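Okay, so here's the structure we're looking at.
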Amino acid sequence: MDKIINWGILGLGGIAEKFAQALATVPNAKLYAVGSRSAEKAKKFAKKYNAQNSYGSYEELAAAPSVDVIYVATPHILHCENTLMCIKNGKAVLCEKPFAMNSKEVLQMVSLAKEKNIFLMEALWTRFLPTITKTLELIASGVIGDIIQVKSDFGVKAPYDPDKRLFNKELGGGSLLDIGIYPVFIALLLLGEPDKISAEAKIGKTGVDESFSAVLKYKNGELATIFSTFLASTPVETDIYGTKGYIRINRMWHIPTYLTLVMNDGHSEDIKFKYKSNGYDYEAEEVTNCLLNGQKESSIMTLDFSIKLIGLLDNLRKVCNIKYSMD
Ligand SMILES: NC(=O)c1ccc[n+]([C@@H]2O[C@H](COP(=O)([O-])OP(=O)(O)OC[C@H]3O[C@@H](n4cnc5c(N)ncnc54)[C@H](OP(=O)(O)O)[C@@H]3O)[C@@H](O)[C@H]2O)c1
């Protein structure tokens, strides 16, 4: 029988549930153990998703034998601490986005993973969706010509709760790091690191950026216009405008969706995909395969890319004075 990769999940909130559902569809992968601050919650989660073991602390999960890889699904402020603990215990890590709060933390995580020769990846799941793979193929084929502008937004009208993750500064709240990271990610993926950035943010009562907007300018004059907000529901689309036509990654572009290719002569075509689960299976499959092949890093979502991404987020924050205690 093929080797099975035993997964652990650390922090059992909303995204952990979605990831556990998707993991069940991934070949050669099994949810083996879960860890929560509450033993009771861990037990319930383990039962719901058929995990063999449950632990009432993150430390116990990190130390658990037979766990190959741990998915870190806690609030941003804990990503660095939790990841370092898992790596120190010899566990490979898939850590939720943003990888950590700033470059300083990400560099610490990457350097420990390299020193211990342990696999590490940021859970930027969108990178693995067929929409993104196909977009890159279409651009490389030259069908839309040279990229002139990218426009990407992510706005959701989030219920205001100063104590919960999104608006709570102590938990790393704010729209840029939570959802604005997706438009920043697509701009970085398609156009690289910008030469010049301008950005503005609306800081709310709890001290977090409730709305954020930026224009990024690149070497050859390409522009990216990106924004995020918790105050309004926006289209959540990405458009890539080229000299011959454009690609739209349709509504809720960061999750499984479809593409529309529109040529300058008005001809348009929808490009659809078949999905077997909620989309988190693609990143889980990538990590599982990397581990089966003995890789210490994904060649698709590289550590270098994650370092550039957090560096860009740091710079954008600096321009509009978004600060956290760990900066
Ligand atoms: N990839 C995606 O599509 C996606 C979507 C949503 C979120 N995320 C990322 O995933 C991370 C978690 O988001 P989420 O929406 O799952 O959050 P959530 O529902 O609030 O869950 C976070 C979990 O972290 C643990 N935790 C530890 N210390 C905590 C504290 N002081 N306050 C609150 N929770 C604490 C809790 O698990 P225990 O009680 O079990 O210890 C909690 O259930 C975030 O970094 C976010 O950016 C990614």
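Scheme for the structure tokens: letters A, B, ... for chains in order shown; per-chain residue numbers from 1; ligand numbers from 1 in order shown.
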
Using 9 Å as the limit and counting only C-alpha atoms, can you tabulate each residue of segment 161-219 of chain A that touches segment 320-324 of chain A, with its shortest atom-to-atom distance in Å and the two atoms involved, as JSON lines?
{"residue": "A:Lys169", "atom": "CA", "partner": "A:Tyr324", "partner_atom": "CA", "distance": 7.3}
{"residue": "A:Glu170", "atom": "CA", "partner": "A:Tyr324", "partner_atom": "CA", "distance": 8.0}
{"residue": "A:Gly172", "atom": "CA", "partner": "A:Tyr324", "partner_atom": "CA", "distance": 7.2}
{"residue": "A:Gly174", "atom": "CA", "partner": "A:Ile322", "partner_atom": "CA", "distance": 8.9}
{"residue": "A:Ser198", "atom": "CA", "partner": "A:Cys320", "partner_atom": "CA", "distance": 8.6}
{"residue": "A:Ala199", "atom": "CA", "partner": "A:Cys320", "partner_atom": "CA", "distance": 6.1}
{"residue": "A:Glu200", "atom": "CA", "partner": "A:Cys320", "partner_atom": "CA", "distance": 5.3}
{"residue": "A:Ala201", "atom": "CA", "partner": "A:Cys320", "partner_atom": "CA", "distance": 5.9}
{"residue": "A:Lys202", "atom": "CA", "partner": "A:Cys320", "partner_atom": "CA", "distance": 8.9}
{"residue": "A:Ile203", "atom": "CA", "partner": "A:Ile322", "partner_atom": "CA", "distance": 8.1}
{"residue": "A:Gly207", "atom": "CA", "partner": "A:Ile322", "partner_atom": "CA", "distance": 8.4}
{"residue": "A:Val208", "atom": "CA", "partner": "A:Ile322", "partner_atom": "CA", "distance": 7.3}
{"residue": "A:Asp209", "atom": "CA", "partner": "A:Ile322", "partner_atom": "CA", "distance": 6.9}
{"residue": "A:Phe212", "atom": "CA", "partner": "A:Cys320", "partner_atom": "CA", "distance": 8.7}

Would you export the selected residues with N, CA and C atoms as a CSV table (one decimal), in the first residue's frame, please?
chain,number,residue,atom,x,y,z
A,169,LYS,N,-7.5,44.2,17.1
A,169,LYS,CA,-6.1,44.5,16.8
A,169,LYS,C,-5.2,43.5,17.5
A,170,GLU,N,-5.5,43.1,18.7
A,170,GLU,CA,-4.7,42.2,19.5
A,170,GLU,C,-4.6,40.8,18.8
A,172,GLY,N,-4.6,40.6,15.5
A,172,GLY,CA,-4.0,40.8,14.1
A,172,GLY,C,-5.1,41.2,13.1
A,174,GLY,N,-7.9,43.5,10.8
A,174,GLY,CA,-7.6,44.4,9.7
A,174,GLY,C,-7.8,43.8,8.4
A,198,SER,N,1.5,53.4,-3.8
A,198,SER,CA,0.8,54.4,-3.0
A,198,SER,C,-0.4,53.7,-2.4
A,199,ALA,N,-0.7,54.1,-1.2
A,199,ALA,CA,-1.7,53.4,-0.5
A,199,ALA,C,-2.4,54.3,0.6
A,200,GLU,N,-3.6,54.0,0.8
A,200,GLU,CA,-4.4,54.7,1.9
A,200,GLU,C,-5.2,53.7,2.6
A,201,ALA,N,-5.5,54.0,3.9
A,201,ALA,CA,-6.3,53.1,4.7
A,201,ALA,C,-7.3,53.9,5.6
A,202,LYS,N,-8.5,53.3,5.8
A,202,LYS,CA,-9.3,54.0,6.8
A,202,LYS,C,-9.2,53.1,8.1
A,203,ILE,N,-8.7,53.7,9.1
A,203,ILE,CA,-8.5,53.0,10.4
A,203,ILE,C,-9.8,53.3,11.3
A,207,GLY,N,-8.7,50.4,15.8
A,207,GLY,CA,-7.3,50.6,15.4
A,207,GLY,C,-6.9,49.8,14.2
A,208,VAL,N,-7.8,49.1,13.6
A,208,VAL,CA,-7.4,48.2,12.5
A,208,VAL,C,-7.9,48.9,11.2
A,209,ASP,N,-7.3,48.5,10.1
A,209,ASP,CA,-7.7,49.1,8.8
A,209,ASP,C,-9.0,48.4,8.3
A,212,PHE,N,-8.9,49.5,2.8
A,212,PHE,CA,-7.5,49.7,2.3
A,212,PHE,C,-7.5,49.8,0.8

Practice problem: Find the spatial neighbours of Gly13 of chain A, counting only C-alpha atoms, within a cut-off of 8 Å - ignore same-chain residues fewer than 3 positions away - and output them as a ChimeraX atom specification. | Solution: /A:16-17,73-74

Atoms kept (all heavy atoms) for selection, written as a compact mmCIF listing (two decimals), in the first residue's frame:
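Result saved to out-v6.txt:
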# COMPACT_ATOMS: atom_id res chain seq x y z
N ALA A 16 -10.44 25.62 9.80
CA ALA A 16 -10.04 24.23 10.10
C ALA A 16 -11.15 23.26 9.65
O ALA A 16 -10.87 22.17 9.13
CB ALA A 16 -9.77 24.08 11.60
N GLU A 17 -12.40 23.67 9.82
CA GLU A 17 -13.53 22.82 9.41
C GLU A 17 -13.50 22.61 7.89
O GLU A 17 -13.64 21.48 7.40
CB GLU A 17 -14.87 23.50 9.74
CG GLU A 17 -15.12 23.68 11.22
CD GLU A 17 -15.97 22.57 11.84
OE1 GLU A 17 -16.49 21.71 11.11
OE2 GLU A 17 -16.07 22.59 13.08
N ALA A 73 -3.93 26.75 11.93
CA ALA A 73 -5.15 27.47 11.55
C ALA A 73 -5.63 28.38 12.67
O ALA A 73 -6.83 28.54 12.91
CB ALA A 73 -6.23 26.47 11.14
N THR A 74 -4.68 29.02 13.34
CA THR A 74 -4.98 29.95 14.43
C THR A 74 -5.01 31.38 13.89
O THR A 74 -4.63 31.62 12.74
CB THR A 74 -3.88 29.82 15.51
OG1 THR A 74 -2.61 29.84 14.85
CG2 THR A 74 -4.03 28.55 16.31

Self-check item: Contacts of Ile144 of chain A at 7 Å (only C-alpha atoms; same-chain gap of 4+ positions) as a ChimeraX atom specification
Solution: /A:139,242-246

Dump all heavy atoms for the selected residues as a CSV table (one decimal), in the first residue's frame?
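Result went into again-v4.csv, see below:
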chain,number,residue,atom,x,y,z
A,139,ILE,N,-1.9,33.8,-20.1
A,139,ILE,CA,-1.0,35.0,-20.2
A,139,ILE,C,0.3,34.6,-20.9
A,139,ILE,O,0.8,35.3,-21.8
A,139,ILE,CB,-0.6,35.6,-18.8
A,139,ILE,CG1,-1.9,36.2,-18.2
A,139,ILE,CG2,0.5,36.6,-18.8
A,139,ILE,CD1,-1.8,36.5,-16.7
A,242,GLY,N,-4.9,43.2,-20.9
A,242,GLY,CA,-3.8,43.2,-21.8
A,242,GLY,C,-4.0,44.0,-23.1
A,242,GLY,O,-5.1,44.5,-23.3
A,243,THR,N,-3.0,44.0,-23.9
A,243,THR,CA,-3.1,44.8,-25.1
A,243,THR,C,-4.1,44.2,-26.1
A,243,THR,O,-4.6,44.9,-27.0
A,243,THR,CB,-1.7,45.0,-25.8
A,243,THR,OG1,-1.1,43.7,-25.8
A,243,THR,CG2,-0.8,46.0,-25.1
A,244,LYS,N,-4.3,42.9,-26.0
A,244,LYS,CA,-5.2,42.2,-27.0
A,244,LYS,C,-6.6,41.8,-26.4
A,244,LYS,O,-7.5,41.4,-27.2
A,244,LYS,CB,-4.5,40.9,-27.5
A,244,LYS,CG,-3.2,41.2,-28.3
A,244,LYS,CD,-2.7,39.9,-28.8
A,244,LYS,CE,-1.4,40.0,-29.5
A,244,LYS,NZ,-0.7,38.7,-29.7
A,245,GLY,N,-6.7,41.8,-25.1
A,245,GLY,CA,-7.9,41.4,-24.5
A,245,GLY,C,-7.7,41.3,-23.0
A,245,GLY,O,-6.7,41.7,-22.5
A,246,TYR,N,-8.8,40.8,-22.3
A,246,TYR,CA,-8.6,40.7,-20.8
A,246,TYR,C,-9.1,39.4,-20.3
A,246,TYR,O,-10.0,38.7,-20.9
A,246,TYR,CB,-9.1,41.9,-20.1
A,246,TYR,CG,-10.6,42.0,-20.0
A,246,TYR,CD1,-11.3,41.5,-18.9
A,246,TYR,CD2,-11.3,42.8,-20.9
A,246,TYR,CE1,-12.7,41.6,-18.8
A,246,TYR,CE2,-12.7,42.9,-20.8
A,246,TYR,CZ,-13.4,42.4,-19.8
A,246,TYR,OH,-14.7,42.5,-19.7

Quiz prompt | Atom pair atom CA of Leu190 of chain A / atom CA of Glu269 of chain A: separation (Å) | solution =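 Calculated distance between atom CA of Leu190 of chain A and atom CA of Glu269 of chain A is 21.3 Å.
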
Quiz item: Within 7 Å of ligand 1, counting only C-alpha atoms and all ligand atoms, which protein or nucleic acid residues do you find, written as a list in words?
Solution: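 Within the 7 Å cut-off, the matching residues are Gly11, Leu12, Gly13, Gly14, Ile15, Ala16, Gly35, Ser36, Arg37, Ser38, Lys41, Ala42, Ala73, Thr74, Pro75, His76, Glu96, Lys97, Pro98, Ala123, Leu124, Trp125, Lys164, Arg165, Leu171 and Asp178 of chain A.
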
Could you write out the selected residues, including C-alpha atoms, as a compact mmCIF listing (two decimals), in the first residue's frame?
# COMPACT_ATOMS: atom_id res chain seq x y z
CA GLY A 11 -6.61 25.48 16.11
CA LEU A 12 -10.11 24.30 15.33
CA GLY A 13 -12.01 27.34 14.05
CA GLY A 14 -13.87 28.12 10.83
CA ILE A 15 -11.11 27.44 8.33
CA ALA A 16 -10.04 24.23 10.10
CA GLY A 35 -5.26 20.04 18.72
CA SER A 36 -7.29 22.74 20.42
CA ARG A 37 -7.04 24.83 23.57
CA SER A 38 -10.06 22.79 24.70
CA LYS A 41 -13.66 20.76 21.38
CA ALA A 42 -10.78 18.68 20.02
CA ALA A 73 -5.15 27.47 11.55
CA THR A 74 -4.98 29.95 14.43
CA PRO A 75 -5.33 33.78 14.26
CA HIS A 76 -2.45 35.52 12.42
CA GLU A 96 -2.47 29.78 7.13
CA LYS A 97 -2.18 33.17 5.45
CA PRO A 98 -0.84 35.68 6.26
CA ALA A 123 -1.47 28.07 2.95
CA LEU A 124 -2.20 30.47 0.11
CA TRP A 125 -4.64 27.98 -1.31
CA LYS A 164 -13.53 38.82 17.15
CA ARG A 165 -10.54 38.24 14.87
CA LEU A 171 -5.61 39.20 17.21
CA ASP A 178 -7.01 39.16 6.23

Practice problem: From a DSSP pass on the backbone, collect the residues of segment 139-204 of chain A flagged as alpha helix (DSSP H) and hand them back as a PyMOL selection string. | Solution: chain A and resi 139-141+175+181-191

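Coordinates place atom CA of Met109 of chain A at a distance of 22.3 Å from atom CA of Ser66 of chain A.
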